[in-house]
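Single-structure report; data block below.
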4 protein chains.
Amino acid sequence: MSMPGGTAAERIAWARELMPVLTGIAEENLASRPFAGIRIGVCLHLEPKTAVLLSCLRELGAETFATGNFGTTQDDVVAYLDGEGFSVWGSRDDSASRHEQNKRRILEAEPHLLLDNGAELYSLVEPGRNSGLIGGTEETTTGGERLRESLELEIPVIVINDSPLKRIFENEIGVGQSILSTFQRVTNSTPAGREVVVIGFGWCGRGIANAFRATGARVSVVETDPVKAFDAAVHGYAVRELDDALDIGQIFITATGEPRVLPVSALRKMRTGAVVANAGHFGLEIDLEGLARECDRSRVSAEIERFKFEDGRSIFALVGGEMLNLAGGAGNPIEPMDMGLALQLLSLQWVAQKREQLEPGPQPVPEQIDASLASRMLIELSPPTSDGMKSRASSS
Amino acid sequence: MSMPGGTAAERIAWARELMPVLTGIAEENLASRPFAGIRIGVCLHLEPKTAVLLSCLRELGAETFATGNFGTTQDDVVAYLDGEGFSVWGSRDDSASRHEQNKRRILEAEPHLLLDNGAELYSLVEPGRNSGLIGGTEETTTGGERLRESLELEIPVIVINDSPLKRIFENEIGVGQSILSTFQRVTNSTPAGREVVVIGFGWCGRGIANAFRATGARVSVVETDPVKAFDAAVHGYAVRELDDALDIGQIFITATGEPRVLPVSALRKMRTGAVVANAGHFGLEIDLEGLARECDRSRVSAEIERFKFEDGRSIFALVGGEMLNLAGGAGNPIEPMDMGLALQLLSLQWVAQKREQLEPGPQPVPEQIDASLASRMLIELSPPTSDGMKSRASSS
Amino acid sequence: MSMPGGTAAERIAWARELMPVLTGIAEENLASRPFAGIRIGVCLHLEPKTAVLLSCLRELGAETFATGNFGTTQDDVVAYLDGEGFSVWGSRDDSASRHEQNKRRILEAEPHLLLDNGAELYSLVEPGRNSGLIGGTEETTTGGERLRESLELEIPVIVINDSPLKRIFENEIGVGQSILSTFQRVTNSTPAGREVVVIGFGWCGRGIANAFRATGARVSVVETDPVKAFDAAVHGYAVRELDDALDIGQIFITATGEPRVLPVSALRKMRTGAVVANAGHFGLEIDLEGLARECDRSRVSAEIERFKFEDGRSIFALVGGEMLNLAGGAGNPIEPMDMGLALQLLSLQWVAQKREQLEPGPQPVPEQIDASLASRMLIELSPPTSDGMKSRASSS
Amino acid sequence: MSMPGGTAAERIAWARELMPVLTGIAEENLASRPFAGIRIGVCLHLEPKTAVLLSCLRELGAETFATGNFGTTQDDVVAYLDGEGFSVWGSRDDSASRHEQNKRRILEAEPHLLLDNGAELYSLVEPGRNSGLIGGTEETTTGGERLRESLELEIPVIVINDSPLKRIFENEIGVGQSILSTFQRVTNSTPAGREVVVIGFGWCGRGIANAFRATGARVSVVETDPVKAFDAAVHGYAVRELDDALDIGQIFITATGEPRVLPVSALRKMRTGAVVANAGHFGLEIDLEGLARECDRSRVSAEIERFKFEDGRSIFALVGGEMLNLAGGAGNPIEPMDMGLALQLLSLQWVAQKREQLEPGPQPVPEQIDASLASRMLIELSPPTSDGMKSRASSS
């Protein structure tokens, strides 16, 4: 993992510099302390940007109990937070059972609110035992579906990922650009003049396709949903069946959210020298484990592996098929996270304040929050200058 | 109006060449004649592409009764259709009362289905008298809202404009590109190196902003909705308050759907030499009538007028503030209309066949229709070649 | 030919509005009258923009004698100029011999300077008889080569097309954009989602490729020079052999300057429905005459012809293979012409003033002229506003 | 310095994977050994890609004597080369005098050819003592000028940087993209929605401006050459005076090749939070040393420093003002270097073979070499597939 150099404290201080929205909201509400007396259970990627969120929640009166997602925890950030007196558990190399244990500890703290990622915490809630729980937020769409379909919780949960702001700035721009820049760093190469295949044309896939195209690559899109495929086609992408794309592609990026979209049978058909990487949340989109059973697998560099076929051809895989921007870099850029974590904070505050009036169940971010946050982002991202740019934001 | 040269028959024949989806659907259903015995009342822009739709509906068994929208009818197309035995009324210079009369004639034909634009026909339906009416389609979002809010019709109406296909291909790409190309033709100029201001960042405004930027213009966006404004900002547009944009802009395009977004007070503040044009459906976004009361208004060319202020400055307006691509050109490109009119035909067929099962009231295009049409567009737009491009579409 | 609507006087007045550089230079030099007593022979496309140049030359003291290039003269502009007392000959339908006669008339006027296009006038100069000739300008690179290789004139001739300003603004941007916008008007279509093939990746070809790609087309480039082909490839274009491109393309644009780059053998291999158009100076790049001998040729509209093969396939050709933006529109946008014609005026003035010091023979535009004109264009194209944009230009 | 992870051997092996042109040329000439008996003195950035060049030269018969440029040597690469039996001197922390000594050692080896960077070796040549020297190559334009102006060597020197291939692929694309991706990694941020100022619009500056704009930034250009400034303006950039840009910019990138283009007086006027970085060859474009005398300078992270003014404002500088992509990353992408180092190898071979026929003095890469290398790059970059892409290259 190559993060911007520096200690955890330095990296957190730098993230804070680029997070004026989240920290500004906290500052404005210091006096009213909206989370006074509230315990918040947190499960999310533990890294400098989320550390800033934990600080803000504490400044606003909350007591937090946090653990990282499986496999992405930055240990020096955990150590730093621990040193600052936060209740935080987990390390990068935790076993699955240890991770489970960490999550249970959070629920044992009897939180009033949960800030969850993938419904990992909600799925452990036992109605009888967590009677103090009044609601919370869920980061992902998948987590939202899980709440809708299998978990029958009688509390309001705001699903952050459904906000248009998040789709635009975090998924399309943040993921799209950081997948490209991490690809460039890890391989020290340029996609210019190459054939790139993006598998999945959701918001992340669209951002990735746009970013690679801007470098001078020719980008093909593989997408099973016909409306999305048509969208790609009239925006200049070559829409192909996976099988046809395998003949042509030199670089393959998966962004579907589905397991094994590049199965062994597909990997075997690629041209020699092809590079494969994954941009989806889970490291299961490319079946490298399956491939390793048929190939000679060897390390090329810290982040690149070669898979050599019997016939002499080789393909290369980046960061073991894990999400490229997180496993090979510092994840999403700070600015989209400033916005995404501000959405979290405002949504938690909304649940805390409106708990009586809200319907139970998963629900979208309230339009008022999207609108006020958009105005705020607009001005903080690029503060007004003498030419009147965005002074509209400053007056709203 | 500068249309591609040629007679009505020639222009219709050429449109047919570029409408393989609509004509292909008609051809495949010739035997089953899904509209046999059905009378369809039609109100839409009468020009070559819609003439092809009327032909297709007739081939499928329908009897059609049609009139044009106010002010956009192409008289030679009406004459051609009349010669072919269609019931069609209206001319470009119809008075408002004559236009009203044309619409009433359609309802007197006791149609079973309506294909409407702006709810012009639906608003004349009298429940008692039009008892044979089983439903229909509505082209515009505005028309859909009118149906929802003020017209209490107990029939299903599919609102075409809500389809994602239409937003992408007709609004963003079709309108965006044809506004630019008509601007270029009417002014014989390039926006390269200029300051362009796009007012409204809906789907049309986004398409216009993208198209002008691709020429080398610097594009500012004025948009009151903060989420849309933020979207514009992180895609590289300068988001400005209207007042600040007036100082800077050299070319202004309105695309809001709202009247008087450029009132006289704004027009007066523009730099000398500024050019204003409208891309919105109604010719009311720029208050040229108001301006004419304060300025010396004179013709520069057939499609350009000069408005001269007392202080010597002048600004220029294109096609009298009417929708630039329709009033100064041949409207939307044929391909998006092929798709949009196929949406119409398939939706009318859906209402005819499922009338029993559909809820009354305005409703979106069924997902099945969007999906199957997207697949079809994909293959017809760019038929598969030996490299396997889009063979996915051909197999679905 | 579809020009912006309006009379010749109106079109010339509008061109003048968008030509502040040329007219500004004229205005500043009114007092010194640098061309007083000088006769200038002129051969170029006679249309509104060049009419403005003739006016400016006259205002600066010159007596001009002008004819149009073969086949592109706008008769109403000639009539207008004639009415204004200019010596101007030629009409759109002139025979070759009549055109020859017009050019000879110019030389009989014993000009001191020539402003030529394609070395049409220089090739008629007889050293014995045109002893008063002191030099001049030549618009095209081809004309410059002709002067270099076969005409041994002992006078300085500045070759305008070699200026970097002209390559950037007139060839890349002006031609590139006007070929696209004329294509869109003539066909009423969008290239979005289509396969476009650009033949020739010089400055015009590059501009055309960029413009079509921005609409959402997938663009292939056919180019025999390997350095240019490589340039295209790393900027994201699919570089193909012509034969491979014929299988794939739906729209073909030639921009090579060479005759018969699309010979009959190539045209026969295209997919049915393919559209071909030419952007090169001469209407010889696509062998439509040859094709007509093997095909059924018929008119689709005023500007589109169908060529039908025996096997039932058809391809379509625009404006008979003539240069699309001139024969199907109003040619280059006004702003690049403002710059190009200012280059002409300043170069003629340079020759008139420095005649003693200049070497004989074809030579590039002096760097001082390029630099001062670039500064001027920068400020006139987008005059400074309160945010300081381009105030650099105003101070230089 | 954050390089792709891995040992020197691994990084060199990976570079070799992406350098099929250089290694392919070497392989084809193994038998003829064009450098048999030839000693080559080398001074260039010593890193994995140049290590591959040294290997290729040795495979072709040469004996090489190499040192790195000042301050950019990768020590583990030197150790690796030393272990492989290469004569190589230098380390990252060499003092200036030690660096001088290394260069002298090379000349003491009495090389027949030099491969130089910045004319560091040529300037030490003493005609009397280096009588065996027959010529060589020079990487940079600056070095070429130095040779032309102050060094009167009677040997042919091919200046690599003047090749159009190098301007396009190494300067525009390679530098442009790696400056952006290194910026993104070092700051973990996105420029989307920000005001970026690029100072200098040469080939590198153009590439940087294009790359940042593609992320959604608004890019201004500061450029004193009016022709280049005009080029920027008609390609959509806001051209500004430096003073005006200081008010507006949030991110500043210098790419001029000139010292102190951002002097202390300019740095003092920037908005708080501004980030400055340098893309020019020398770390002198931003006067951070001067600024440090007036400011509180502190480390934010390993690669970011804060400069705090007395009034409380802060600006941030990346990698101490050194060339961002080299000092903060792994330098140019491998593919442009494959091409650039192949240009070196072929040019050295040209000098060795044609020594008799070549004029003395600095001279451009022969057109034959550019053309043949462009063809080769085209096919190696993206080998032909069944759809015929670039089969043109394979046949030439």
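Ordered as shown in the structure tokens, chains take letters A, B, and onward, while each chain numbers its residues from 1 and ligands are numbered from 1 in the order shown.
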
Using only C-alpha atoms, tabulate the residues of chain C lying at most 7 Å from any atom of chain B, each with its closest atom pair and that distance in Å to one decimal, by chain and increasing residue number, as JSON lines.
```
{"residue": "C:Pro4", "atom": "CA", "partner": "B:Val186", "partner_atom": "CA", "distance": 5.0}
{"residue": "C:Gly5", "atom": "CA", "partner": "B:Ala302", "partner_atom": "CA", "distance": 4.7}
{"residue": "C:Gly6", "atom": "CA", "partner": "B:Ser301", "partner_atom": "CA", "distance": 4.4}
{"residue": "C:Glu10", "atom": "CA", "partner": "B:Ser301", "partner_atom": "CA", "distance": 5.4}
{"residue": "C:Arg11", "atom": "CA", "partner": "B:Ser301", "partner_atom": "CA", "distance": 6.5}
{"residue": "C:Trp14", "atom": "CA", "partner": "B:Val300", "partner_atom": "CA", "distance": 6.6}
{"residue": "C:Ser181", "atom": "CA", "partner": "B:Ser181", "partner_atom": "CA", "distance": 4.9}
{"residue": "C:Gln184", "atom": "CA", "partner": "B:Ser181", "partner_atom": "CA", "distance": 7.0}
{"residue": "C:Arg185", "atom": "CA", "partner": "B:Pro4", "partner_atom": "CA", "distance": 6.1}
{"residue": "C:Val186", "atom": "CA", "partner": "B:Pro4", "partner_atom": "CA", "distance": 5.0}
{"residue": "C:Thr187", "atom": "CA", "partner": "B:Pro4", "partner_atom": "CA", "distance": 6.7}
{"residue": "C:Asn188", "atom": "CA", "partner": "B:Pro333", "partner_atom": "CA", "distance": 5.0}
{"residue": "C:Ser189", "atom": "CA", "partner": "B:Pro333", "partner_atom": "CA", "distance": 4.3}
{"residue": "C:Thr190", "atom": "CA", "partner": "B:Pro333", "partner_atom": "CA", "distance": 5.8}
{"residue": "C:Gly193", "atom": "CA", "partner": "B:Leu381", "partner_atom": "CA", "distance": 6.7}
{"residue": "C:Arg194", "atom": "CA", "partner": "B:Ser382", "partner_atom": "CA", "distance": 5.6}
{"residue": "C:Ala214", "atom": "CA", "partner": "B:Ala214", "partner_atom": "CA", "distance": 6.2}
{"residue": "C:Ile248", "atom": "CA", "partner": "B:Thr385", "partner_atom": "CA", "distance": 6.3}
{"residue": "C:Val300", "atom": "CA", "partner": "B:Glu10", "partner_atom": "CA", "distance": 5.7}
{"residue": "C:Ser301", "atom": "CA", "partner": "B:Gly6", "partner_atom": "CA", "distance": 4.4}
{"residue": "C:Ala302", "atom": "CA", "partner": "B:Gly5", "partner_atom": "CA", "distance": 4.7}
{"residue": "C:Glu303", "atom": "CA", "partner": "B:Gly5", "partner_atom": "CA", "distance": 6.4}
{"residue": "C:Ala330", "atom": "CA", "partner": "B:Asn188", "partner_atom": "CA", "distance": 6.6}
{"residue": "C:Pro333", "atom": "CA", "partner": "B:Ser189", "partner_atom": "CA", "distance": 4.3}
{"residue": "C:Ile334", "atom": "CA", "partner": "B:Ser189", "partner_atom": "CA", "distance": 5.2}
{"residue": "C:Glu335", "atom": "CA", "partner": "B:Ser189", "partner_atom": "CA", "distance": 6.4}
{"residue": "C:Leu381", "atom": "CA", "partner": "B:Arg194", "partner_atom": "CA", "distance": 6.6}
{"residue": "C:Ser382", "atom": "CA", "partner": "B:Arg194", "partner_atom": "CA", "distance": 5.6}
{"residue": "C:Thr385", "atom": "CA", "partner": "B:Ile248", "partner_atom": "CA", "distance": 6.3}
```

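Among B:Ala233, B:Met19, B:Val365, B:Ala119, the residue with the shortest atom-to-atom distance to Gln349 in chain B, counting only C-alpha atoms, is B:Val365.
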
Residues flagged alpha helix (DSSP H) by DSSP in range 71-140 of chain A, as an MDAnalysis selection string: chainID A and resid 75:83 96:108

Shell of 8 Å around Asp116 in chain C, only C-alpha atoms, local chain residues under 4 positions omitted, as a ChimeraX atom specification: /C:41-44,120-122,136-139

All strand (DSSP E or B) residues (DSSP, backbone) inside range 104-318 of chain D, as a ChimeraX atom specification: /D:113-116,135-138,156-159,195-199,218-222,238-240,251-254,262,275-278,286,296-301,304-308,314-318

Can you pull out every residue within 8 Å of Gly200 in chain B, counting only C-alpha atoms, but drop anything in the same chain fewer than 6 positions away, and send it as a compact mmCIF listing (two decimals) with all heavy atoms, in the first residue's frame?
```txt
# COMPACT_ATOMS: atom_id res chain seq x y z
N VAL B 221 -21.73 28.12 -16.14
CA VAL B 221 -23.08 27.61 -15.97
C VAL B 221 -23.78 28.43 -14.89
O VAL B 221 -23.19 28.72 -13.85
CB VAL B 221 -23.05 26.12 -15.57
CG1 VAL B 221 -24.39 25.64 -15.03
CG2 VAL B 221 -22.60 25.26 -16.75
N VAL B 222 -25.01 28.82 -15.17
CA VAL B 222 -25.86 29.47 -14.18
C VAL B 222 -26.98 28.49 -13.84
O VAL B 222 -27.69 28.04 -14.76
CB VAL B 222 -26.46 30.78 -14.74
CG1 VAL B 222 -27.45 31.39 -13.74
CG2 VAL B 222 -25.35 31.77 -15.08
N GLU B 223 -27.10 28.12 -12.59
CA GLU B 223 -28.08 27.09 -12.22
C GLU B 223 -28.46 27.31 -10.77
O GLU B 223 -27.60 27.40 -9.90
CB GLU B 223 -27.44 25.71 -12.43
CG GLU B 223 -28.19 24.53 -11.85
CD GLU B 223 -29.59 24.34 -12.44
OE1 GLU B 223 -29.68 24.13 -13.65
OE2 GLU B 223 -30.57 24.46 -11.67
N THR B 224 -29.77 27.35 -10.50
CA THR B 224 -30.21 27.65 -9.15
C THR B 224 -30.29 26.41 -8.26
O THR B 224 -30.19 26.52 -7.05
CB THR B 224 -31.60 28.32 -9.16
OG1 THR B 224 -32.48 27.48 -9.90
CG2 THR B 224 -31.53 29.69 -9.81
N THR B 254 -29.98 29.91 -23.25
CA THR B 254 -30.92 29.57 -22.17
C THR B 254 -31.49 28.17 -22.39
O THR B 254 -31.83 27.81 -23.51
CB THR B 254 -32.09 30.58 -22.11
OG1 THR B 254 -32.69 30.66 -23.41
CG2 THR B 254 -31.60 31.95 -21.72
N ALA B 255 -31.60 27.42 -21.32
CA ALA B 255 -32.14 26.05 -21.42
C ALA B 255 -32.78 25.68 -20.09
O ALA B 255 -32.40 24.70 -19.46
CB ALA B 255 -31.03 25.07 -21.79
N THR B 256 -33.76 26.48 -19.66
CA THR B 256 -34.34 26.27 -18.33
C THR B 256 -35.78 25.80 -18.36
O THR B 256 -36.27 25.23 -17.40
CB THR B 256 -34.33 27.58 -17.51
OG1 THR B 256 -35.23 28.49 -18.14
CG2 THR B 256 -32.94 28.19 -17.47
```

Length of the CA of His45 in chain B to CA of Glu108 in chain B vector [Å]: 20.5 Å
